[in-house]
Each structure stands twice: as C-alpha cells, then as structure tokens.
>>> print(open('protein_33.tsv').read())   # TSV, N, CA and C atoms
chain	number	residue	atom	x	y	z
U	1	MET	N	-12.95	-10.01	-8.86
U	1	MET	CA	-11.68	-10.48	-8.34
U	1	MET	C	-10.73	-9.29	-8.20
U	2	THR	N	-10.08	-9.17	-7.06
U	2	THR	CA	-9.15	-8.07	-6.84
U	2	THR	C	-7.73	-8.57	-6.99
U	3	ALA	N	-6.85	-7.65	-7.33
U	3	ALA	CA	-5.44	-8.00	-7.49
U	3	ALA	C	-4.82	-8.27	-6.13
U	4	MET	N	-3.94	-9.26	-6.07
U	4	MET	CA	-3.22	-9.54	-4.84
U	4	MET	C	-2.11	-8.52	-4.67
U	5	ASP	N	-1.86	-8.15	-3.43
U	5	ASP	CA	-0.72	-7.30	-3.10
U	5	ASP	C	0.42	-8.24	-2.74
U	6	VAL	N	1.45	-8.24	-3.57
U	6	VAL	CA	2.59	-9.15	-3.40
U	6	VAL	C	3.84	-8.32	-3.18
U	7	PHE	N	4.70	-8.77	-2.28
U	7	PHE	CA	5.97	-8.09	-2.04
U	7	PHE	C	7.11	-9.05	-2.30
U	8	ASN	N	8.17	-8.53	-2.94
U	8	ASN	CA	9.41	-9.27	-3.12
U	8	ASN	C	10.59	-8.37	-2.81
U	9	HIS	N	11.66	-8.97	-2.30
U	9	HIS	CA	12.90	-8.23	-2.06
U	9	HIS	C	13.68	-8.01	-3.36
U	10	ARG	N	13.24	-8.68	-4.42
U	10	ARG	CA	13.91	-8.65	-5.72
U	10	ARG	C	15.32	-9.26	-5.65
U	11	VAL	N	15.37	-10.43	-5.02
U	11	VAL	CA	16.61	-11.19	-4.93
U	11	VAL	C	16.49	-12.41	-5.83
U	12	PRO	N	17.61	-12.94	-6.32
U	12	PRO	CA	17.56	-14.07	-7.25
U	12	PRO	C	16.77	-15.28	-6.76
U	13	ALA	N	16.82	-15.58	-5.49
U	13	ALA	CA	16.15	-16.77	-4.97
U	13	ALA	C	14.65	-16.76	-5.25
U	14	GLU	N	14.05	-15.59	-5.32
U	14	GLU	CA	12.60	-15.52	-5.55
U	14	GLU	C	12.22	-16.11	-6.90
U	15	SER	N	13.00	-15.80	-7.92
U	15	SER	CA	12.69	-16.36	-9.24
U	15	SER	C	13.27	-17.76	-9.39
U	16	GLU	N	14.42	-18.01	-8.78
U	16	GLU	CA	15.05	-19.33	-8.89
U	16	GLU	C	14.23	-20.41	-8.19
U	17	PHE	N	13.62	-20.07	-7.07
U	17	PHE	CA	12.83	-21.04	-6.31
U	17	PHE	C	11.34	-20.92	-6.63
U	18	GLY	N	10.93	-19.72	-7.07
U	18	GLY	CA	9.53	-19.52	-7.46
U	18	GLY	C	8.61	-19.21	-6.31
U	19	TYR	N	8.88	-18.15	-5.57
U	19	TYR	CA	8.02	-17.78	-4.44
U	19	TYR	C	7.97	-16.27	-4.27
U	20	ALA	N	7.00	-15.81	-3.50
U	20	ALA	CA	6.88	-14.40	-3.12
U	20	ALA	C	7.30	-14.26	-1.67
U	21	GLN	N	7.85	-13.12	-1.31
U	21	GLN	CA	8.21	-12.88	0.09
U	21	GLN	C	6.97	-12.73	0.95
U	22	ALA	N	5.93	-12.09	0.39
U	22	ALA	CA	4.70	-11.90	1.16
U	22	ALA	C	3.53	-11.67	0.22
U	23	ILE	N	2.38	-12.13	0.66
U	23	ILE	CA	1.14	-11.92	-0.09
U	23	ILE	C	0.05	-11.52	0.89
U	24	LYS	N	-0.65	-10.44	0.55
U	24	LYS	CA	-1.79	-10.01	1.35
U	24	LYS	C	-3.04	-10.70	0.82
U	25	SER	N	-3.76	-11.35	1.73
U	25	SER	CA	-5.01	-12.02	1.41
U	25	SER	C	-6.06	-11.50	2.39
U	26	ARG	N	-6.94	-10.66	1.89
U	26	ARG	CA	-7.92	-9.97	2.74
U	26	ARG	C	-7.17	-9.15	3.78
U	27	ASP	N	-7.40	-9.42	5.07
U	27	ASP	CA	-6.75	-8.63	6.12
U	27	ASP	C	-5.44	-9.23	6.60
U	28	LEU	N	-5.10	-10.42	6.09
U	28	LEU	CA	-3.89	-11.10	6.56
U	28	LEU	C	-2.77	-10.99	5.53
U	29	ILE	N	-1.57	-10.83	6.05
U	29	ILE	CA	-0.37	-10.80	5.22
U	29	ILE	C	0.47	-12.00	5.64
U	30	HIS	N	0.69	-12.89	4.69
U	30	HIS	CA	1.47	-14.10	4.93
U	30	HIS	C	2.89	-13.84	4.44
U	31	VAL	N	3.85	-13.94	5.36
U	31	VAL	CA	5.24	-13.59	5.05
U	31	VAL	C	6.08	-14.87	5.02
U	32	SER	N	6.72	-15.11	3.88
U	32	SER	CA	7.62	-16.25	3.74
U	32	SER	C	8.77	-16.16	4.74
U	33	GLY	N	9.42	-17.28	4.95
U	33	GLY	CA	10.57	-17.30	5.84
U	33	GLY	C	11.60	-16.26	5.45
U	34	GLN	N	11.86	-15.35	6.37
U	34	GLN	CA	12.88	-14.32	6.17
U	34	GLN	C	14.19	-14.85	6.72
U	35	LEU	N	15.27	-14.45	6.08
U	35	LEU	CA	16.58	-14.90	6.52
U	35	LEU	C	17.60	-13.81	6.30
U	36	SER	N	18.83	-14.12	6.55
U	36	SER	CA	19.91	-13.14	6.56
U	36	SER	C	20.47	-12.92	5.16
U	37	LEU	N	19.70	-12.21	4.33
U	37	LEU	CA	20.15	-11.83	3.00
U	37	LEU	C	20.44	-10.34	2.96
U	38	ASP	N	21.48	-9.95	2.23
U	38	ASP	CA	21.75	-8.54	2.05
U	38	ASP	C	20.92	-8.01	0.88
U	39	ARG	N	21.10	-6.74	0.52
U	39	ARG	CA	20.29	-6.11	-0.54
U	39	ARG	C	20.44	-6.81	-1.89
U	40	ALA	N	21.60	-7.42	-2.13
U	40	ALA	CA	21.85	-8.10	-3.40
U	40	ALA	C	21.32	-9.54	-3.39
U	41	GLY	N	20.80	-9.97	-2.25
U	41	GLY	CA	20.29	-11.33	-2.15
U	41	GLY	C	21.34	-12.34	-1.76
U	42	GLU	N	22.48	-11.87	-1.30
U	42	GLU	CA	23.55	-12.76	-0.86
U	42	GLU	C	23.36	-13.10	0.61
U	43	PHE	N	23.55	-14.36	0.95
U	43	PHE	CA	23.47	-14.79	2.34
U	43	PHE	C	24.66	-14.22	3.10
U	44	VAL	N	24.41	-13.63	4.28
U	44	VAL	CA	25.47	-13.02	5.08
U	44	VAL	C	25.43	-13.53	6.52
U	45	HIS	N	26.54	-13.40	7.21
U	45	HIS	CA	26.69	-13.72	8.64
U	45	HIS	C	26.61	-15.23	8.93
U	46	ALA	N	27.25	-16.02	8.09
U	46	ALA	CA	27.25	-17.48	8.29
U	46	ALA	C	27.69	-17.82	9.71
U	47	ASP	N	26.93	-18.71	10.34
U	47	ASP	CA	27.21	-19.26	11.67
U	47	ASP	C	27.16	-18.24	12.81
U	48	ASP	N	26.73	-17.01	12.55
U	48	ASP	CA	26.62	-15.98	13.59
U	48	ASP	C	25.13	-15.77	13.89
U	49	PHE	N	24.62	-16.47	14.90
U	49	PHE	CA	23.19	-16.46	15.17
U	49	PHE	C	22.67	-15.05	15.42
U	50	THR	N	23.31	-14.29	16.28
U	50	THR	CA	22.82	-12.96	16.64
U	50	THR	C	22.79	-12.04	15.42
U	51	ALA	N	23.84	-12.03	14.63
U	51	ALA	CA	23.87	-11.17	13.43
U	51	ALA	C	22.82	-11.61	12.42
U	52	GLN	N	22.65	-12.92	12.25
U	52	GLN	CA	21.61	-13.41	11.33
U	52	GLN	C	20.22	-13.01	11.82
U	53	LEU	N	19.98	-13.12	13.11
U	53	LEU	CA	18.68	-12.77	13.65
U	53	LEU	C	18.39	-11.29	13.41
U	54	GLU	N	19.37	-10.43	13.65
U	54	GLU	CA	19.19	-8.99	13.41
U	54	GLU	C	18.90	-8.71	11.95
U	55	GLN	N	19.64	-9.32	11.03
U	55	GLN	CA	19.42	-9.11	9.59
U	55	GLN	C	18.06	-9.67	9.16
U	56	THR	N	17.69	-10.80	9.74
U	56	THR	CA	16.40	-11.41	9.43
U	56	THR	C	15.25	-10.49	9.84
U	57	TYR	N	15.32	-9.95	11.04
U	57	TYR	CA	14.28	-9.01	11.48
U	57	TYR	C	14.30	-7.72	10.66
U	58	ALA	N	15.48	-7.27	10.24
U	58	ALA	CA	15.56	-6.08	9.37
U	58	ALA	C	14.87	-6.35	8.04
U	59	ASN	N	15.05	-7.54	7.50
U	59	ASN	CA	14.37	-7.90	6.25
U	59	ASN	C	12.86	-8.01	6.46
U	60	ALA	N	12.46	-8.51	7.61
U	60	ALA	CA	11.03	-8.56	7.94
U	60	ALA	C	10.45	-7.16	7.99
U	61	ASP	N	11.20	-6.22	8.53
U	61	ASP	CA	10.74	-4.83	8.60
U	61	ASP	C	10.49	-4.24	7.22
U	62	LYS	N	11.28	-4.63	6.23
U	62	LYS	CA	11.06	-4.15	4.86
U	62	LYS	C	9.72	-4.64	4.33
U	63	VAL	N	9.37	-5.87	4.66
U	63	VAL	CA	8.07	-6.41	4.26
U	63	VAL	C	6.96	-5.63	4.96
U	64	LEU	N	7.09	-5.43	6.26
U	64	LEU	CA	6.08	-4.70	7.01
U	64	LEU	C	5.91	-3.29	6.46
U	65	ASP	N	7.02	-2.63	6.15
U	65	ASP	CA	6.96	-1.26	5.60
U	65	ASP	C	6.19	-1.23	4.29
U	66	HIS	N	6.40	-2.22	3.44
U	66	HIS	CA	5.69	-2.26	2.16
U	66	HIS	C	4.18	-2.25	2.37
U	67	PHE	N	3.71	-3.00	3.35
U	67	PHE	CA	2.28	-3.11	3.60
U	67	PHE	C	1.77	-2.06	4.58
U	68	ARG	N	2.67	-1.19	5.03
U	68	ARG	CA	2.32	-0.11	5.97
U	68	ARG	C	1.71	-0.67	7.26
U	69	VAL	N	2.36	-1.69	7.78
U	69	VAL	CA	1.97	-2.29	9.05
U	69	VAL	C	3.18	-2.29	9.98
U	70	THR	N	2.94	-2.62	11.24
U	70	THR	CA	4.02	-2.60	12.22
U	70	THR	C	4.20	-3.98	12.86
U	71	ARG	N	5.23	-4.09	13.64
U	71	ARG	CA	5.50	-5.32	14.39
U	71	ARG	C	4.32	-5.68	15.30
U	72	ASN	N	3.63	-4.67	15.81
U	72	ASN	CA	2.51	-4.90	16.72
U	72	ASN	C	1.33	-5.57	16.03
U	73	GLN	N	1.36	-5.67	14.72
U	73	GLN	CA	0.28	-6.31	13.99
U	73	GLN	C	0.63	-7.75	13.58
U	74	ILE	N	1.83	-8.19	13.94
U	74	ILE	CA	2.21	-9.59	13.72
U	74	ILE	C	1.42	-10.43	14.73
U	75	VAL	N	0.66	-11.39	14.22
U	75	VAL	CA	-0.14	-12.24	15.11
U	75	VAL	C	0.54	-13.57	15.39
U	76	SER	N	1.39	-14.02	14.48
U	76	SER	CA	2.11	-15.27	14.74
U	76	SER	C	3.44	-15.26	14.00
U	77	GLN	N	4.36	-16.01	14.57
U	77	GLN	CA	5.66	-16.20	13.93
U	77	GLN	C	6.10	-17.63	14.15
U	78	THR	N	6.86	-18.13	13.18
U	78	THR	CA	7.48	-19.44	13.31
U	78	THR	C	8.96	-19.26	13.06
U	79	LEU	N	9.76	-19.62	14.05
U	79	LEU	CA	11.22	-19.56	13.93
U	79	LEU	C	11.75	-20.96	13.70
U	80	TYR	N	12.63	-21.08	12.72
U	80	TYR	CA	13.34	-22.33	12.45
U	80	TYR	C	14.78	-22.09	12.85
U	81	VAL	N	15.28	-22.89	13.78
U	81	VAL	CA	16.59	-22.64	14.38
U	81	VAL	C	17.43	-23.91	14.34
U	82	VAL	N	18.63	-23.81	13.76
U	82	VAL	CA	19.60	-24.89	13.80
U	82	VAL	C	20.27	-24.86	15.17
U	83	ASN	N	20.47	-26.03	15.78
U	83	ASN	CA	21.05	-26.12	17.12
U	83	ASN	C	20.25	-25.30	18.12
U	84	LEU	N	18.98	-25.59	18.21
U	84	LEU	CA	18.06	-24.81	19.03
U	84	LEU	C	18.52	-24.67	20.48
U	85	ARG	N	18.96	-25.73	21.08
U	85	ARG	CA	19.38	-25.63	22.49
U	85	ARG	C	20.53	-24.65	22.66
U	86	GLN	N	21.43	-24.64	21.71
U	86	GLN	CA	22.57	-23.72	21.76
U	86	GLN	C	22.12	-22.27	21.58
U	87	HIS	N	21.10	-22.05	20.76
U	87	HIS	CA	20.69	-20.69	20.40
U	87	HIS	C	19.41	-20.21	21.08
U	88	ALA	N	18.85	-21.01	21.98
U	88	ALA	CA	17.56	-20.67	22.59
U	88	ALA	C	17.58	-19.34	23.33
U	89	ALA	N	18.59	-19.11	24.14
U	89	ALA	CA	18.65	-17.86	24.91
U	89	ALA	C	18.80	-16.65	23.98
U	90	ALA	N	19.63	-16.77	22.95
U	90	ALA	CA	19.81	-15.67	22.00
U	90	ALA	C	18.53	-15.42	21.20
U	91	ALA	N	17.82	-16.51	20.87
U	91	ALA	CA	16.54	-16.36	20.15
U	91	ALA	C	15.53	-15.63	21.02
U	92	ALA	N	15.45	-15.99	22.29
U	92	ALA	CA	14.52	-15.33	23.21
U	92	ALA	C	14.89	-13.85	23.38
U	93	ALA	N	16.16	-13.56	23.54
U	93	ALA	CA	16.60	-12.17	23.71
U	93	ALA	C	16.29	-11.34	22.46
U	94	GLY	N	16.56	-11.91	21.29
U	94	GLY	CA	16.28	-11.20	20.04
U	94	GLY	C	14.79	-10.97	19.84
U	95	ASN	N	13.99	-11.97	20.21
U	95	ASN	CA	12.54	-11.86	20.11
U	95	ASN	C	12.02	-10.73	21.01
U	96	LEU	N	12.48	-10.69	22.25
U	96	LEU	CA	12.05	-9.64	23.18
U	96	LEU	C	12.49	-8.26	22.70
U	97	THR	N	13.68	-8.17	22.16
U	97	THR	CA	14.16	-6.88	21.63
U	97	THR	C	13.32	-6.44	20.44
U	98	TYR	N	13.03	-7.35	19.54
U	98	TYR	CA	12.28	-7.00	18.34
U	98	TYR	C	10.84	-6.61	18.66
U	99	PHE	N	10.16	-7.35	19.51
U	99	PHE	CA	8.75	-7.13	19.76
U	99	PHE	C	8.45	-6.20	20.93
U	100	GLY	N	9.41	-5.98	21.82
U	100	GLY	CA	9.11	-5.13	22.98
U	100	GLY	C	7.98	-5.74	23.79
U	101	GLU	N	6.94	-4.96	24.05
U	101	GLU	CA	5.81	-5.42	24.86
U	101	GLU	C	4.80	-6.27	24.08
U	102	HIS	N	4.89	-6.26	22.76
U	102	HIS	CA	3.95	-7.03	21.95
U	102	HIS	C	4.26	-8.52	22.08
U	103	ARG	N	3.22	-9.35	22.11
U	103	ARG	CA	3.40	-10.79	22.27
U	103	ARG	C	2.59	-11.56	21.23
U	104	PRO	N	3.17	-11.79	20.03
U	104	PRO	CA	2.47	-12.65	19.07
U	104	PRO	C	2.59	-14.10	19.50
U	105	VAL	N	1.75	-14.96	18.94
U	105	VAL	CA	1.97	-16.38	19.19
U	105	VAL	C	3.25	-16.77	18.47
U	106	SER	N	3.93	-17.76	19.01
U	106	SER	CA	5.23	-18.09	18.46
U	106	SER	C	5.49	-19.58	18.56
U	107	THR	N	6.02	-20.13	17.48
U	107	THR	CA	6.45	-21.52	17.47
U	107	THR	C	7.92	-21.53	17.08
U	108	VAL	N	8.73	-22.22	17.86
U	108	VAL	CA	10.15	-22.34	17.56
U	108	VAL	C	10.42	-23.80	17.25
U	109	VAL	N	10.99	-24.03	16.07
U	109	VAL	CA	11.24	-25.39	15.62
U	109	VAL	C	12.74	-25.60	15.46
U	110	GLY	N	13.27	-26.59	16.15
U	110	GLY	CA	14.67	-26.95	15.96
U	110	GLY	C	14.82	-27.80	14.71
U	111	VAL	N	15.75	-27.41	13.84
U	111	VAL	CA	15.96	-28.13	12.58
U	111	VAL	C	17.44	-28.49	12.45
U	112	THR	N	17.72	-29.46	11.59
U	112	THR	CA	19.11	-29.89	11.42
U	112	THR	C	19.88	-28.99	10.46
U	113	GLU	N	19.17	-28.43	9.48
U	113	GLU	CA	19.84	-27.51	8.57
U	113	GLU	C	18.80	-26.65	7.86
U	114	LEU	N	19.29	-25.54	7.28
U	114	LEU	CA	18.46	-24.64	6.48
U	114	LEU	C	19.11	-24.51	5.10
U	115	THR	N	18.64	-23.60	4.30
U	115	THR	CA	19.03	-23.54	2.88
U	115	THR	C	20.52	-23.31	2.64
U	116	PHE	N	21.10	-22.33	3.33
U	116	PHE	CA	22.49	-21.96	3.05
U	116	PHE	C	23.44	-22.56	4.07
U	117	PRO	N	24.64	-22.93	3.66
U	117	PRO	CA	25.65	-23.37	4.64
U	117	PRO	C	25.88	-22.25	5.65
U	118	GLY	N	25.79	-22.59	6.92
U	118	GLY	CA	25.98	-21.59	7.97
U	118	GLY	C	24.72	-20.83	8.34
U	119	GLN	N	23.59	-21.11	7.67
U	119	GLN	CA	22.34	-20.45	8.04
U	119	GLN	C	21.80	-21.14	9.28
U	120	VAL	N	21.50	-20.34	10.30
U	120	VAL	CA	21.04	-20.90	11.56
U	120	VAL	C	19.64	-20.43	11.99
U	121	VAL	N	19.02	-19.51	11.23
U	121	VAL	CA	17.70	-19.04	11.60
U	121	VAL	C	16.91	-18.59	10.38
U	122	GLU	N	15.61	-18.84	10.42
U	122	GLU	CA	14.67	-18.36	9.41
U	122	GLU	C	13.35	-18.12	10.14
U	123	ILE	N	12.64	-17.04	9.78
U	123	ILE	CA	11.42	-16.68	10.49
U	123	ILE	C	10.31	-16.34	9.51
U	124	ALA	N	9.15	-16.98	9.68
U	124	ALA	CA	7.94	-16.69	8.90
U	124	ALA	C	6.93	-16.00	9.81
U	125	PHE	N	6.08	-15.15	9.22
U	125	PHE	CA	5.10	-14.38	9.99
U	125	PHE	C	3.73	-14.42	9.35
U	126	VAL	N	2.73	-14.14	10.17
U	126	VAL	CA	1.40	-13.78	9.69
U	126	VAL	C	1.05	-12.46	10.38
U	127	VAL	N	0.57	-11.51	9.58
U	127	VAL	CA	0.27	-10.16	10.06
U	127	VAL	C	-1.21	-9.87	9.80
U	128	ASP	N	-1.87	-9.23	10.76
U	128	ASP	CA	-3.25	-8.80	10.58
U	128	ASP	C	-3.26	-7.28	10.46
U	129	GLU	N	-3.51	-6.78	9.25
U	129	GLU	CA	-3.43	-5.34	9.04
U	129	GLU	C	-4.53	-4.56	9.76
U	130	LYS	N	-5.58	-5.22	10.20
U	130	LYS	CA	-6.68	-4.53	10.90
U	130	LYS	C	-6.42	-4.33	12.37
U	131	LEU	N	-5.42	-4.96	12.94
U	131	LEU	CA	-5.09	-4.75	14.35
U	131	LEU	C	-4.50	-3.35	14.52
U	132	PRO	N	-4.65	-2.77	15.70
U	132	PRO	CA	-4.03	-1.45	15.95
U	132	PRO	C	-2.52	-1.53	15.78
U	133	ALA	N	-1.95	-0.51	15.19
U	133	ALA	CA	-0.50	-0.46	14.98
U	133	ALA	C	0.19	-0.15	16.28
>>> encode(input="protein_33.tsv", output="structure tokens")
Amino acid sequence: MTAMDVFNHRVPAESEFGYAQAIKSRDLIHVSGQLSLDRAGEFVHADDFTAQLEQTYANADKVLDHFRVTRNQIVSQTLYVVNLRQHAAAAAAGNLTYFGEHRPVSTVVGVTELTFPGQVVEIAFVVDEKLPA
C-alpha cells in the first residue's frame, strides 16, 4: 500500500468540515470544490462573480502547483454557479481566459446557494498527471 498524496490549503474549513482539497489516486488528482478564500481561509469578494472566479482559479493553481501539474492536464471541471443565467457570459469568459486553447470537459450547474453568503461560484476538477503539460 502506498501513501496518498493529499493537499490542503490549511484553512479552518478543512478540519471543521473534514475534507481534503485534493487527493492523488494513481494518475488522477481529484480536486475538491475551490472557492474564493484568501490565505487565512476567509471568504472574500461576496457577490462579485468575476473577482470570485479569479480567486477560485488562483486557489486551483495552488493545488496544481503542489502536484506539479498544469491547467492543460485538467480533464474535467464542474462549476457550481448561483444565478447561472446572470453569470453565464462571465463564467464562459473566465473559463476561456483560464484555459486558453485547452478544452477540458465541463459541466456547469446552476444552484440556488453555496456555502457562504454572497458566494456565487465553486469549481471542482479532475486532473490526469500523465497527460502532457
């Protein structure tokens, strides 16, 4: 049995809720829903979709860096968006900016609410470390 490679941002929610930000299982890295948390684990940018999306992708990059993988190795993502119709264009623009020419599979789910008041986006990923970077 080999040890699992686990990543955490070291924010209070990880111990309070009981989860890991990401776990590597063989060649796949399963990344929990990333959201707009600052370094201290405080939720930031309430009700600002674009700022939350940027912070969320920045937090995702920290996970990718830990595993020494890139955005081009993300094979799927699931976005959870409050008021999806209102934020659809901004979500698409942010997605294109983040991924550039890379095209992972993507599911966007409109939801009524997320964990924090004013939270409007959360994104989960699956990464294949064996894909070319």
>>> atom_distance(input="protein_33.tsv", atom1="CA of Thr50 in chain U", atom2="CA of Val69 in chain U")
24.6 Å
>>> closest_residue(input="protein_33.tsv", among="U:Ser106, U:Asn72, U:Ser25, U:Thr112", to="Leu84 in chain U", atoms="only N, CA and C atoms")
U:Thr112
>>> atom_distance(input="protein_33.tsv", atom1="CA of Pro117 in chain U", atom2="CA of Tyr98 in chain U")
25.2 Å
>>> atom_distance(input="protein_33.tsv", atom1="CA of Ala124 in chain U", atom2="CA of Gln34 in chain U")
6.1 Å
>>> residues_near_point(input="protein_33.tsv", point="(15.6, -22.2, 1.0)", cutoff="6 Å", atoms="all atoms listed in the file", output="PyMOL selection string")
chain U and resi 114-116
>>> write_last_selection(input="protein_33.tsv", atoms="N, CA and C atoms", output="CSV table (one decimal), in the coordinates of the input")
chain,number,residue,atom,x,y,z
U,114,LEU,N,19.3,-25.5,7.3
U,114,LEU,CA,18.5,-24.6,6.5
U,114,LEU,C,19.1,-24.5,5.1
U,115,THR,N,18.6,-23.6,4.3
U,115,THR,CA,19.0,-23.5,2.9
U,115,THR,C,20.5,-23.3,2.6
U,116,PHE,N,21.1,-22.3,3.3
U,116,PHE,CA,22.5,-22.0,3.0
U,116,PHE,C,23.4,-22.6,4.1
>>> residues_around(input="protein_33.tsv", residues="range 47-49 of chain U", least_positions_apart="3", cutoff="7 Å", atoms="all atoms listed in the file", output="ChimeraX atom specification")
/U:44,52-54,117-121
>>> closest_residue(input="protein_33.tsv", among="U:Glu42, U:Glu113, U:Asp128, U:Glu16", to="Asn83 in chain U", atoms="only N, CA and C atoms")
U:Glu113
>>> closest_residue(input="protein_33.tsv", among="U:Ala22, U:Ala91, U:Val109, U:Ala40", to="Lys62 in chain U", atoms="only C-alpha atoms")
U:Ala22
>>> residues_around(input="protein_33.tsv", residues="Ala20 in chain U", least_positions_apart="5", cutoff="7 Å", atoms="all atoms listed in the file", output="ChimeraX atom specification")
/U:6-9,14,31-32
>>> select_by_dssp(input="protein_33.tsv", residues="range 5-128 of chain U", states="alpha helix (DSSP H)", output="count of residues only")
37
>>> closest_residue(input="protein_33.tsv", among="U:His102, U:Ala46, U:Ala89, U:Glu129", to="Phe67 in chain U", atoms="only N, CA and C atoms")
U:Glu129
>>> select_by_dssp(input="protein_33.tsv", residues="chain U", states="strand (DSSP E)", output="ChimeraX atom specification")
/U:5-7,22-25,28-34,74-82,105-111,121-128
